[in-house]
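Chemist: Take a look at entry-v1.tsv, TSV, C-alpha atoms:
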chain	number	residue	atom	x	y	z
A	1	MET	CA	-49.39	57.73	-39.82
A	2	THR	CA	-45.96	57.88	-38.24
A	3	ASP	CA	-42.93	58.41	-40.45
A	4	PRO	CA	-42.46	55.72	-43.08
A	5	VAL	CA	-40.14	52.92	-42.06
A	6	SER	CA	-36.74	53.32	-43.71
A	7	GLN	CA	-36.58	49.68	-44.77
A	8	ALA	CA	-40.22	49.59	-45.83
A	9	GLY	CA	-39.48	48.35	-49.31
A	10	PRO	CA	-40.83	46.93	-51.53
A	11	HIS	CA	-38.11	44.27	-51.39
A	12	ARG	CA	-37.59	41.27	-53.62
A	13	ILE	CA	-36.21	37.93	-52.33
A	14	PRO	CA	-34.55	36.23	-55.31
A	15	PRO	CA	-35.53	32.61	-56.13
A	16	GLN	CA	-34.19	29.96	-53.71
A	17	SER	CA	-32.85	32.51	-51.22
A	18	GLY	CA	-33.82	34.11	-47.91
A	19	THR	CA	-33.52	37.18	-45.74
A	20	ALA	CA	-34.16	38.42	-42.19
A	21	PHE	CA	-35.27	41.76	-40.76
A	22	ARG	CA	-36.79	43.43	-37.72
A	23	LEU	CA	-40.53	44.05	-37.60
A	24	ARG	CA	-41.79	46.46	-34.94
A	25	ARG	CA	-44.98	45.95	-32.99
A	26	GLY	CA	-47.88	47.34	-35.01
A	27	GLU	CA	-46.07	47.21	-38.34
A	28	VAL	CA	-47.67	45.19	-41.12
A	29	LEU	CA	-45.66	42.79	-43.25
A	30	VAL	CA	-47.12	42.24	-46.72
A	31	VAL	CA	-45.80	39.07	-48.40
A	32	THR	CA	-46.59	38.88	-52.11
A	33	ASP	CA	-46.21	36.10	-54.64
A	34	PRO	CA	-45.33	38.19	-57.72
A	35	ARG	CA	-45.56	35.40	-60.31
A	36	GLY	CA	-47.85	32.84	-58.66
A	37	GLU	CA	-47.38	29.28	-57.30
A	38	GLN	CA	-44.43	30.26	-55.04
A	39	VAL	CA	-44.06	29.43	-51.33
A	40	ALA	CA	-42.41	31.69	-48.71
A	41	ASP	CA	-41.31	30.16	-45.37
A	42	LEU	CA	-41.60	32.55	-42.43
A	43	MET	CA	-40.09	32.25	-38.94
A	44	ALA	CA	-40.31	34.80	-36.12
A	45	TYR	CA	-38.58	35.40	-32.78
A	46	ALA	CA	-39.05	37.98	-30.05
A	47	ASP	CA	-36.52	40.73	-30.83
A	48	GLY	CA	-33.76	40.51	-28.25
A	49	ASP	CA	-34.87	37.12	-26.86
A	50	SER	CA	-34.62	34.28	-29.37
A	51	GLY	CA	-35.87	31.87	-26.68
A	52	GLU	CA	-39.36	33.06	-27.61
A	53	TRP	CA	-40.31	31.72	-31.05
A	54	LEU	CA	-43.31	31.17	-33.27
A	55	SER	CA	-45.02	27.91	-32.25
A	56	SER	CA	-47.13	25.86	-34.68
A	57	GLY	CA	-48.43	23.74	-31.79
A	58	ARG	CA	-49.63	26.65	-29.64
A	59	THR	CA	-51.14	28.27	-32.75
A	60	PHE	CA	-53.08	25.13	-33.77
A	61	ASP	CA	-54.22	24.67	-30.19
A	62	TYR	CA	-55.55	28.17	-29.55
A	63	ASN	CA	-57.12	28.64	-33.01
A	64	GLU	CA	-58.52	25.07	-33.09
A	65	THR	CA	-57.53	24.67	-36.74
A	66	ILE	CA	-54.50	23.67	-38.81
A	67	TYR	CA	-55.44	26.06	-41.65
A	68	LEU	CA	-54.68	29.66	-40.70
A	69	THR	CA	-56.16	32.65	-42.49
A	70	SER	CA	-57.54	36.19	-41.92
A	71	GLY	CA	-58.28	36.88	-38.26
A	72	HIS	CA	-56.17	34.09	-36.82
A	73	VAL	CA	-53.45	34.95	-34.30
A	74	LEU	CA	-50.06	33.21	-34.41
A	75	TYR	CA	-48.71	32.43	-30.93
A	76	SER	CA	-45.25	32.03	-29.47
A	77	ASN	CA	-44.02	29.07	-27.42
A	78	ARG	CA	-44.80	31.29	-24.41
A	79	SER	CA	-48.43	31.54	-25.56
A	80	ARG	CA	-48.17	35.24	-26.42
A	81	PRO	CA	-49.57	36.68	-29.67
A	82	MET	CA	-46.75	37.28	-32.16
A	83	LEU	CA	-48.56	38.01	-35.43
A	84	THR	CA	-52.15	38.49	-36.58
A	85	LEU	CA	-53.16	37.48	-40.09
A	86	LEU	CA	-54.99	40.35	-41.75
A	87	ARG	CA	-55.91	40.35	-45.45
A	88	ASP	CA	-55.36	36.93	-47.07
A	89	ASP	CA	-55.84	36.80	-50.84
A	90	VAL	CA	-55.08	33.09	-51.03
A	91	GLY	CA	-56.50	31.29	-47.99
A	92	ARG	CA	-54.19	28.30	-48.05
A	93	HIS	CA	-50.95	28.17	-46.10
A	94	ASP	CA	-49.12	25.43	-44.19
A	95	PHE	CA	-47.90	25.30	-40.60
A	96	LEU	CA	-47.34	21.52	-40.35
A	97	LEU	CA	-44.03	21.03	-42.12
A	98	THR	CA	-40.47	22.13	-41.45
A	99	PRO	CA	-38.50	24.22	-43.94
A	100	CYS	CA	-36.90	22.16	-46.69
A	101	SER	CA	-33.36	21.09	-45.82
A	102	THR	CA	-30.55	18.98	-47.21
A	103	GLU	CA	-32.16	16.02	-45.42
A	104	THR	CA	-35.53	16.77	-47.07
A	105	PHE	CA	-33.91	16.36	-50.47
A	106	GLU	CA	-32.04	13.24	-49.32
A	107	LEU	CA	-35.07	11.51	-47.85
A	108	LEU	CA	-37.95	12.57	-50.11
A	109	TYR	CA	-36.38	13.39	-53.50
A	110	PRO	CA	-34.64	11.27	-56.16
A	111	PRO	CA	-31.01	10.29	-55.41
A	112	GLY	CA	-28.56	13.06	-56.22
A	113	THR	CA	-31.03	15.91	-55.60
A	114	ALA	CA	-29.55	16.98	-52.27
A	115	GLU	CA	-25.99	17.81	-53.29
A	116	GLY	CA	-25.51	21.56	-53.57
A	117	HIS	CA	-29.29	22.13	-53.49
A	118	PRO	CA	-30.34	25.39	-51.84
A	119	SER	CA	-32.85	24.97	-49.02
A	120	CYS	CA	-35.12	27.17	-46.92
A	121	PHE	CA	-33.47	25.78	-43.79
A	122	GLY	CA	-29.99	26.69	-45.04
A	123	ASN	CA	-31.18	30.11	-46.17
A	124	LEU	CA	-32.85	30.79	-42.80
A	125	VAL	CA	-29.73	29.64	-40.92
A	126	GLN	CA	-27.62	32.13	-42.89
A	127	ALA	CA	-30.12	35.00	-42.69
A	128	LEU	CA	-30.83	34.60	-38.96
A	129	ALA	CA	-27.22	34.08	-37.80
A	130	PRO	CA	-26.51	37.85	-37.54
A	131	TYR	CA	-29.41	38.03	-35.05
A	132	GLY	CA	-27.80	35.38	-32.82
A	133	ILE	CA	-30.27	32.64	-33.80
A	134	ARG	CA	-28.76	29.17	-34.05
A	135	PRO	CA	-29.79	26.41	-36.51
A	136	ASP	CA	-31.29	24.28	-33.69
A	137	GLN	CA	-33.68	27.14	-32.92
A	138	ILE	CA	-35.43	26.93	-36.31
A	139	PRO	CA	-38.57	24.80	-35.80
A	140	THR	CA	-41.69	24.43	-37.97
A	141	THR	CA	-42.13	27.54	-40.13
A	142	LEU	CA	-45.32	29.21	-41.36
A	143	ASN	CA	-45.14	28.17	-44.99
A	144	ILE	CA	-47.02	31.00	-46.70
A	145	PHE	CA	-48.86	29.97	-49.91
A	146	MET	CA	-47.83	26.30	-49.37
A	147	ASN	CA	-50.66	23.95	-50.29
A	148	VAL	CA	-50.56	20.98	-47.94
A	149	LEU	CA	-53.60	18.73	-47.95
A	150	VAL	CA	-54.31	16.33	-45.09
A	151	GLY	CA	-56.45	13.33	-45.98
A	152	GLU	CA	-59.00	11.77	-43.65
A	153	ASP	CA	-56.38	9.05	-43.01
A	154	GLY	CA	-53.83	11.72	-42.02
A	155	ARG	CA	-51.75	11.41	-45.19
A	156	VAL	CA	-50.00	14.65	-46.12
A	157	LYS	CA	-49.92	15.65	-49.78
A	158	ILE	CA	-48.20	18.72	-51.18
A	159	GLY	CA	-50.05	20.28	-54.09
A	160	PRO	CA	-49.13	23.25	-56.29
A	161	PRO	CA	-49.74	26.54	-54.46
A	162	ILE	CA	-53.10	28.08	-55.34
A	163	SER	CA	-51.62	31.60	-55.14
A	164	GLN	CA	-51.85	33.64	-58.34
A	165	ALA	CA	-49.51	36.39	-59.51
A	166	GLY	CA	-49.79	39.46	-57.31
A	167	GLN	CA	-51.67	37.85	-54.42
A	168	SER	CA	-50.59	38.66	-50.86
A	169	LEU	CA	-50.83	37.78	-47.18
A	170	GLU	CA	-50.67	40.59	-44.62
A	171	LEU	CA	-49.37	39.96	-41.08
A	172	ARG	CA	-49.40	42.49	-38.23
A	173	ALA	CA	-46.67	42.24	-35.59
A	174	GLU	CA	-48.07	42.00	-32.05
A	175	MET	CA	-44.60	42.38	-30.49
A	176	ASP	CA	-41.17	43.50	-31.70
A	177	LEU	CA	-39.87	40.66	-33.86
A	178	VAL	CA	-36.96	39.31	-35.82
A	179	VAL	CA	-38.42	37.70	-38.94
A	180	GLY	CA	-36.80	35.23	-41.36
A	181	LEU	CA	-38.41	34.90	-44.80
A	182	THR	CA	-37.54	32.83	-47.87
A	183	ALA	CA	-38.47	32.21	-51.46
A	184	CYS	CA	-38.79	28.43	-51.13
A	185	SER	CA	-36.19	26.16	-52.74
A	186	ALA	CA	-38.10	22.87	-53.02
A	187	GLU	CA	-39.30	21.71	-56.45
A	188	GLY	CA	-42.22	19.79	-55.00
A	189	SER	CA	-43.70	22.75	-53.14
A	190	ASN	CA	-43.61	25.27	-56.01
A	191	ASN	CA	-44.95	23.30	-58.97
A	192	GLY	CA	-41.45	22.63	-60.27
A	193	THR	CA	-40.15	26.17	-60.76
A	194	PHE	CA	-38.44	28.73	-58.54
A	195	LYS	CA	-39.70	32.29	-58.41
A	196	PRO	CA	-39.03	35.36	-56.25
A	197	ILE	CA	-41.07	36.55	-53.27
A	198	ASP	CA	-41.77	40.23	-52.60
A	199	TYR	CA	-42.37	41.83	-49.24
A	200	GLN	CA	-43.12	45.26	-47.90
A	201	ILE	CA	-43.36	46.72	-44.39
A	202	THR	CA	-46.04	49.32	-43.82
A	203	ALA	CA	-45.65	51.87	-41.07
A	204	VAL	CA	-47.43	51.65	-37.73
A	205	GLN	CA	-50.81	53.30	-37.91
A	206	SER	CA	-51.42	55.74	-35.11
A	207	GLY	CA	-54.75	55.63	-33.36
B	1	MET	CA	-30.11	-10.14	-23.49
B	2	THR	CA	-27.79	-7.78	-21.66
B	3	ASP	CA	-28.25	-7.16	-17.96
B	4	PRO	CA	-31.67	-5.82	-17.05
B	5	VAL	CA	-31.88	-2.05	-16.79
B	6	SER	CA	-31.93	-1.01	-13.12
B	7	GLN	CA	-34.74	1.48	-13.65
B	8	ALA	CA	-36.72	-0.86	-15.89
B	9	GLY	CA	-39.89	-0.65	-13.87
B	10	PRO	CA	-42.81	-1.04	-14.15
B	11	HIS	CA	-43.37	2.54	-13.00
B	12	ARG	CA	-46.59	4.41	-12.39
B	13	ILE	CA	-47.02	8.14	-13.10
B	14	PRO	CA	-49.78	9.40	-10.78
B	15	PRO	CA	-52.70	11.35	-12.28
B	16	GLN	CA	-51.86	14.91	-13.42
B	17	SER	CA	-48.12	14.52	-12.88
B	18	GLY	CA	-44.96	13.84	-14.88
B	19	THR	CA	-41.48	12.36	-14.80
B	20	ALA	CA	-38.24	12.21	-16.79
B	21	PHE	CA	-35.63	9.51	-17.31
B	22	ARG	CA	-32.80	8.39	-19.58
B	23	LEU	CA	-33.49	5.90	-22.36
B	24	ARG	CA	-30.47	4.25	-23.98
B	25	ARG	CA	-30.21	3.51	-27.68
B	26	GLY	CA	-31.91	0.17	-28.37
B	27	GLU	CA	-34.01	0.17	-25.22
B	28	VAL	CA	-37.77	-0.06	-25.65
B	29	LEU	CA	-40.14	2.18	-23.72
B	30	VAL	CA	-43.58	0.66	-23.18
B	31	VAL	CA	-46.23	3.27	-22.30
B	32	THR	CA	-49.45	1.75	-20.98
B	33	ASP	CA	-52.86	3.26	-20.25
B	34	PRO	CA	-53.84	1.13	-17.23
B	35	ARG	CA	-57.46	2.30	-16.95
B	36	GLY	CA	-58.28	3.54	-20.45
B	37	GLU	CA	-59.01	6.99	-21.99
B	38	GLN	CA	-55.85	8.60	-20.58
B	39	VAL	CA	-53.31	10.65	-22.55
B	40	ALA	CA	-49.52	10.70	-21.92
B	41	ASP	CA	-47.44	13.56	-23.36
B	42	LEU	CA	-43.92	12.54	-24.38
B	43	MET	CA	-40.92	14.74	-25.18
B	44	ALA	CA	-37.37	13.59	-26.03
B	45	TYR	CA	-33.93	15.19	-26.27
B	46	ALA	CA	-30.53	13.85	-27.25
B	47	ASP	CA	-28.85	12.88	-23.97
B	48	GLY	CA	-26.13	15.44	-23.26
B	49	ASP	CA	-27.27	17.88	-25.99
B	50	SER	CA	-30.70	19.37	-25.39
B	51	GLY	CA	-30.32	21.41	-28.59
B	52	GLU	CA	-31.45	18.26	-30.42
B	53	TRP	CA	-35.14	17.64	-29.76
B	54	LEU	CA	-38.08	15.67	-31.08
B	55	SER	CA	-39.61	17.56	-34.02
B	56	SER	CA	-43.25	17.18	-35.03
B	57	GLY	CA	-42.57	19.03	-38.29
B	58	ARG	CA	-39.65	16.84	-39.41
B	59	THR	CA	-41.63	13.76	-38.39
B	60	PHE	CA	-44.75	14.75	-40.39
B	61	ASP	CA	-42.57	15.67	-43.35
B	62	TYR	CA	-40.55	12.45	-43.57
B	63	ASN	CA	-43.44	10.09	-42.79
B	64	GLU	CA	-45.89	12.03	-45.00
B	65	THR	CA	-48.65	11.67	-42.40
B	66	ILE	CA	-49.89	13.43	-39.27
B	67	TYR	CA	-51.07	10.14	-37.70
B	68	LEU	CA	-48.13	8.12	-36.42
B	69	THR	CA	-48.32	4.41	-35.63
B	70	SER	CA	-46.34	1.14	-35.84
B	71	GLY	CA	-43.34	1.38	-38.15
B	72	HIS	CA	-43.11	5.18	-38.21
B	73	VAL	CA	-39.86	6.85	-37.17
B	74	LEU	CA	-39.88	10.01	-35.04
B	75	TYR	CA	-37.19	12.49	-36.11
B	76	SER	CA	-35.23	15.19	-34.32
B	77	ASN	CA	-34.91	18.80	-35.44
B	78	ARG	CA	-31.57	17.67	-36.94
B	79	SER	CA	-33.44	15.10	-39.06
B	80	ARG	CA	-31.99	12.12	-37.19
B	81	PRO	CA	-34.15	9.18	-36.06
B	82	MET	CA	-34.89	9.44	-32.32
B	83	LEU	CA	-37.58	6.81	-31.74
B	84	THR	CA	-39.29	4.10	-33.77
B	85	LEU	CA	-42.88	3.16	-33.00
B	86	LEU	CA	-43.15	-0.60	-32.57
B	87	ARG	CA	-46.30	-2.32	-31.32
B	88	ASP	CA	-49.27	0.07	-31.15
B	89	ASP	CA	-52.43	-1.34	-29.54
B	90	VAL	CA	-54.39	1.88	-30.07
B	91	GLY	CA	-53.46	3.45	-33.40
B	92	ARG	CA	-54.43	7.01	-32.56
B	93	HIS	CA	-52.00	9.53	-31.13
B	94	ASP	CA	-51.48	13.27	-31.63
B	95	PHE	CA	-48.39	15.22	-32.65
B	96	LEU	CA	-50.11	18.52	-33.58
B	97	LEU	CA	-50.75	20.14	-30.21
B	98	THR	CA	-48.55	21.47	-27.45
B	99	PRO	CA	-48.73	20.14	-23.87
B	100	CYS	CA	-51.54	21.71	-21.85
B	101	SER	CA	-50.36	24.75	-19.92
B	102	THR	CA	-51.75	27.48	-17.68
B	103	GLU	CA	-52.48	29.44	-20.87
B	104	THR	CA	-54.37	26.47	-22.36
B	105	PHE	CA	-56.75	26.56	-19.41
B	106	GLU	CA	-57.00	30.37	-19.61
B	107	LEU	CA	-57.72	30.50	-23.33
B	108	LEU	CA	-59.78	27.36	-23.99
B	109	TYR	CA	-61.50	26.49	-20.70
B	110	PRO	CA	-64.20	28.20	-18.60
B	111	PRO	CA	-63.07	31.19	-16.52
B	112	GLY	CA	-61.41	30.15	-13.27
B	113	THR	CA	-60.13	26.81	-14.58
B	114	ALA	CA	-56.50	27.89	-14.87
B	115	GLU	CA	-55.74	28.89	-11.29
B	116	GLY	CA	-53.74	26.18	-9.53
B	117	HIS	CA	-54.54	23.69	-12.30
B	118	PRO	CA	-51.76	21.15	-12.91
B	119	SER	CA	-50.56	21.02	-16.54
B	120	CYS	CA	-48.41	18.77	-18.70
B	121	PHE	CA	-46.24	21.77	-19.54
B	122	GLY	CA	-45.66	22.57	-15.88
B	123	ASN	CA	-45.02	18.93	-15.07
B	124	LEU	CA	-42.53	18.60	-17.94
B	125	VAL	CA	-40.75	21.81	-16.91
B	126	GLN	CA	-40.27	20.42	-13.40
B	127	ALA	CA	-39.29	16.91	-14.49
B	128	LEU	CA	-36.83	18.04	-17.19
B	129	ALA	CA	-35.12	20.81	-15.18
B	130	PRO	CA	-32.62	18.41	-13.53
B	131	TYR	CA	-31.46	17.48	-17.05
B	132	GLY	CA	-30.71	21.12	-17.88
B	133	ILE	CA	-33.72	21.56	-20.16
B	134	ARG	CA	-35.39	24.97	-19.99
B	135	PRO	CA	-39.12	25.72	-20.38
B	136	ASP	CA	-38.57	27.45	-23.75
B	137	GLN	CA	-37.10	24.19	-25.08
B	138	ILE	CA	-40.38	22.27	-24.71
B	139	PRO	CA	-42.12	22.33	-28.12
B	140	THR	CA	-44.95	20.19	-29.50
B	141	THR	CA	-45.04	16.85	-27.67
B	142	LEU	CA	-46.04	13.41	-28.94
B	143	ASN	CA	-49.39	13.10	-27.20
B	144	ILE	CA	-49.74	9.34	-26.81
B	145	PHE	CA	-53.36	8.06	-26.88
B	146	MET	CA	-54.64	11.63	-27.56
B	147	ASN	CA	-57.51	11.57	-30.04
B	148	VAL	CA	-57.28	14.67	-32.20
B	149	LEU	CA	-59.43	14.70	-35.31
B	150	VAL	CA	-58.76	17.09	-38.18
B	151	GLY	CA	-61.75	17.93	-40.36
B	152	GLU	CA	-61.56	18.48	-44.10
B	153	ASP	CA	-61.76	22.21	-43.30
B	154	GLY	CA	-58.75	21.90	-40.98
B	155	ARG	CA	-60.76	22.25	-37.76
B	156	VAL	CA	-59.17	20.44	-34.82
B	157	LYS	CA	-61.45	18.49	-32.49
B	158	ILE	CA	-60.33	16.65	-29.37
B	159	GLY	CA	-62.30	13.47	-28.74
B	160	PRO	CA	-62.11	10.97	-25.86
B	161	PRO	CA	-59.05	8.71	-26.24
B	162	ILE	CA	-59.89	5.39	-27.88
B	163	SER	CA	-57.36	3.58	-25.67
B	164	GLN	CA	-58.78	0.83	-23.47
B	165	ALA	CA	-57.48	-0.38	-20.11
B	166	GLY	CA	-54.15	-2.16	-20.51
B	167	GLN	CA	-53.36	-1.02	-24.05
B	168	SER	CA	-49.82	0.13	-24.83
B	169	LEU	CA	-47.54	1.88	-27.29
B	170	GLU	CA	-43.93	0.65	-27.62
B	171	LEU	CA	-41.14	3.02	-28.72
B	172	ARG	CA	-37.54	2.00	-29.43
B	173	ALA	CA	-34.81	4.56	-28.81
B	174	GLU	CA	-32.60	5.14	-31.87
B	175	MET	CA	-30.13	7.28	-29.89
B	176	ASP	CA	-29.40	7.91	-26.21
B	177	LEU	CA	-32.25	10.09	-24.97
B	178	VAL	CA	-33.65	12.09	-22.09
B	179	VAL	CA	-37.40	11.50	-22.08
B	180	GLY	CA	-40.15	13.49	-20.35
B	181	LEU	CA	-43.50	11.72	-19.86
B	182	THR	CA	-46.77	12.78	-18.21
B	183	ALA	CA	-50.19	11.57	-17.21
B	184	CYS	CA	-52.10	14.39	-18.88
B	185	SER	CA	-53.82	17.04	-16.73
B	186	ALA	CA	-56.43	18.41	-19.16
B	187	GLU	CA	-60.08	17.52	-18.65
B	188	GLY	CA	-60.91	17.86	-22.32
B	189	SER	CA	-58.29	15.38	-23.49
B	190	ASN	CA	-59.09	12.56	-21.06
B	191	ASN	CA	-62.89	12.36	-21.17
B	192	GLY	CA	-63.23	14.37	-17.97
B	193	THR	CA	-61.25	12.22	-15.52
B	194	PHE	CA	-57.60	11.92	-14.53
B	195	LYS	CA	-55.90	8.55	-14.42
B	196	PRO	CA	-52.34	7.27	-14.05
B	197	ILE	CA	-49.98	6.21	-16.84
B	198	ASP	CA	-47.65	3.21	-16.53
B	199	TYR	CA	-44.32	2.75	-18.27
B	200	GLN	CA	-41.61	0.17	-18.46
B	201	ILE	CA	-38.17	0.08	-20.04
B	202	THR	CA	-37.07	-3.20	-21.58
B	203	ALA	CA	-33.40	-4.00	-21.91
B	204	VAL	CA	-31.47	-3.74	-25.15
B	205	GLN	CA	-31.69	-6.96	-27.11
B	206	SER	CA	-28.30	-8.22	-28.26
B	207	GLY	CA	-27.97	-9.40	-31.86
Could the structure of this file be written out as structure tokens, please?

Modeler:
Amino acid sequence: MTDPVSQAGPHRIPPQSGTAFRLRRGEVLVVTDPRGEQVADLMAYADGDSGEWLSSGRTFDYNETIYLTSGHVLYSNRSRPMLTLLRDDVGRHDFLLTPCSTETFELLYPPGTAEGHPSCFGNLVQALAPYGIRPDQIPTTLNIFMNVLVGEDGRVKIGPPISQAGQSLELRAEMDLVVGLTACSAEGSNNGTFKPIDYQITAVQSG
Amino acid sequence: MTDPVSQAGPHRIPPQSGTAFRLRRGEVLVVTDPRGEQVADLMAYADGDSGEWLSSGRTFDYNETIYLTSGHVLYSNRSRPMLTLLRDDVGRHDFLLTPCSTETFELLYPPGTAEGHPSCFGNLVQALAPYGIRPDQIPTTLNIFMNVLVGEDGRVKIGPPISQAGQSLELRAEMDLVVGLTACSAEGSNNGTFKPIDYQITAVQSG
């Protein structure tokens, strides 16, 4: 092992908020749902070049599936590996839908929901701004623990996450990254309650 | 009717190539598969502000389906309506996968396929460059007539397009747009042959 990473954590993201941090190539990010049934939206960019970003479309294409789990590689818009999914306690995550935003609450929730409502999009905008990433550069996120079911007719239904307290997803960085991560703010994605998300960065393992 | 649009067409996109053009708010773009079983990848940007682009994730989210057809609205990354699908002769299009690229042929096709192979990504890069749009700004495209089936287990399978000769999809612009459009270059998406795509722009109808 190399020296432990100074910002290794564990860290806690409070309910309905977000954060951003650097993840070095070879480091492993462990995202944990400490209480169960809580989604965490993740976005990633090449460190130092925010024109290279995590691409749902390239990832679906090269893995030939919309459901990503252990062993799958997440690709950038330039078709380069960004992250590899390692241990996955849960086995159900979403990469179809965009982070919840003011417009999500306006269009899909009862009238009056949107005003003053925190959102993953807003939280990512704020967390990623210090890294020079603009709101327009936030596309479809990897929605960890989000339970999106696609019917045979294509209909998309959001169910309660199947993650239980203490379950995790581990992701290894395949390049130096800037990562945005939230504890999701949308009632409909988290079975009606808002809980924290924990994360930890483990040091690069030497050969 | 207002005056006919000068570039109304009909236009033909030769096999394995692409083009780009402006589409004014209210104009209708008619995309036709003249010979059948041919895919056309479409991308759209707000005219004059390429930071606003067609978003598969926002579109899936707000329509609550991955299969788009007549009556569905396609949204931008800023959650604004960009295009509305009008008449749809075919009823099966894809918005999951990215345009085929050199890397698509490297990763998913037999060795040797990629070298010198035309691609929708390459064709869109070339066609959109005069409008100031950079390669990194080309995300998941609306793949018109592409037949992508998602199994219950999430597996993605590409079947032959179900479009027959002469069938069309009509899209109405909800804002002024720059549109990129291809006749797709990938063997696997077009039942092994490469055919042209036709398009026409109909004038804005006055009240």

Chemist: Report as CSV: every residue of chain A with an atom at most 10 Å from chain B, its closest pair of atoms, and their distance in Å to one decimal, counting only C-alpha atoms, with rows sorted by chain and ascending residue number.

Modeler:
residue,atom,partner,partner_atom,distance
A:Ser50,CA,B:Asp136,CA,9.7
A:Gly51,CA,B:Asp136,CA,6.0
A:Glu52,CA,B:Asp136,CA,6.9
A:Trp53,CA,B:Asp136,CA,8.6
A:Ser55,CA,B:Pro139,CA,7.5
A:Ser56,CA,B:Thr140,CA,8.0
A:Gly57,CA,B:Leu97,CA,4.6
A:Arg58,CA,B:Thr98,CA,5.7
A:Thr59,CA,B:Leu97,CA,8.5
A:Phe60,CA,B:Leu97,CA,6.6
A:Asp61,CA,B:Leu97,CA,5.7
A:Tyr62,CA,B:Leu107,CA,7.0
A:Asn63,CA,B:Val156,CA,8.6
A:Glu64,CA,B:Val156,CA,5.0
A:Thr65,CA,B:Arg155,CA,4.2
A:Ile66,CA,B:Gly154,CA,5.1
A:Tyr67,CA,B:Gly154,CA,5.4
A:Leu68,CA,B:Gly154,CA,8.8
A:Ser76,CA,B:Asp136,CA,9.9
A:Asn77,CA,B:Asp136,CA,6.8
A:Arg78,CA,B:Asp136,CA,7.3
A:Ser79,CA,B:Glu103,CA,6.5
A:Arg80,CA,B:Glu103,CA,9.1
A:Phe95,CA,B:Gly57,CA,8.5
A:Leu96,CA,B:Gly57,CA,5.8
A:Leu97,CA,B:Gly57,CA,4.6
A:Thr98,CA,B:Gly57,CA,4.9
A:Pro99,CA,B:Gly57,CA,8.7
A:Cys100,CA,B:Asp61,CA,9.2
A:Ser101,CA,B:Ser79,CA,9.0
A:Thr102,CA,B:Ser79,CA,9.5
A:Glu103,CA,B:Ser79,CA,6.6
A:Thr104,CA,B:Tyr62,CA,7.5
A:Leu107,CA,B:Tyr62,CA,7.0
A:Leu108,CA,B:Tyr62,CA,7.0
A:Arg134,CA,B:Gly51,CA,9.6
A:Pro135,CA,B:Arg78,CA,8.9
A:Asp136,CA,B:Gly51,CA,5.9
A:Gln137,CA,B:Gly51,CA,7.9
A:Ile138,CA,B:Asn77,CA,8.2
A:Pro139,CA,B:Asn77,CA,7.0
A:Thr140,CA,B:Gly57,CA,5.5
A:Thr141,CA,B:Gly57,CA,8.7
A:Leu149,CA,B:Glu152,CA,8.8
A:Val150,CA,B:Glu152,CA,7.6
A:Gly151,CA,B:Glu152,CA,7.5
A:Glu152,CA,B:Glu152,CA,7.2
A:Asp153,CA,B:Tyr67,CA,7.6
A:Gly154,CA,B:Ile66,CA,5.1
A:Arg155,CA,B:Thr65,CA,4.2
A:Val156,CA,B:Thr65,CA,5.0
A:Lys157,CA,B:Glu64,CA,7.2
A:Ile158,CA,B:Glu64,CA,9.4

Chemist: For segment 7-22 of chain A, list every protein, DNA or RNA residue within 8 Å, evaluated using all atoms listed in the file, and leave out those in the same chain fewer than 5 positions away; present the list as a list in words.

Modeler: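 Near segment 7-22 of chain A, the qualifying residues are Asp47, Pro118, Ser119, Cys120, Asn123, Leu124, Ala127, Leu128, Asp176, Leu177, Val178, Val179, Gly180, Leu181, Thr182, Ala183, Cys184, Ser185, Phe194, Lys195, Pro196, Ile197, Asp198, Tyr199, Gln200, Ile201, Thr202 and Ala203 of chain A.
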
Chemist: Grab the atom CA of Asp88 of chain A to atom CA of Leu29 of chain A distance for me, in Å with one decimal place.

Modeler: 12.0 Å

Chemist: With all atoms of segment 147-158 of chain B from the file as input, state the centre and edge lengths in Å to one decimal of the axis-aligned box that has 3 Å extra on each side, as AutoDock Vina command-line options.

Modeler:
--center_x -59.5 --center_y 16.9 --center_z -36.7 --size_x 10.5 --size_y 16.7 --size_z 20.7

Chemist: Counting only C-alpha atoms, figure out which residue out of A:Thr193, A:Glu115, A:Phe121, A:Val90 gets nearest to Leu42 of chain A.

Modeler: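 Among A:Thr193, A:Glu115, A:Phe121, A:Val90, it is A:Phe121 that comes nearest to Leu42 of chain A.
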
Chemist: Looking at only C-alpha atoms, which of A:Arg87, A:Arg24, A:Arg92, A:Arg35 is the one that sits closest to Ala173 of chain A?

Modeler: A:Arg24
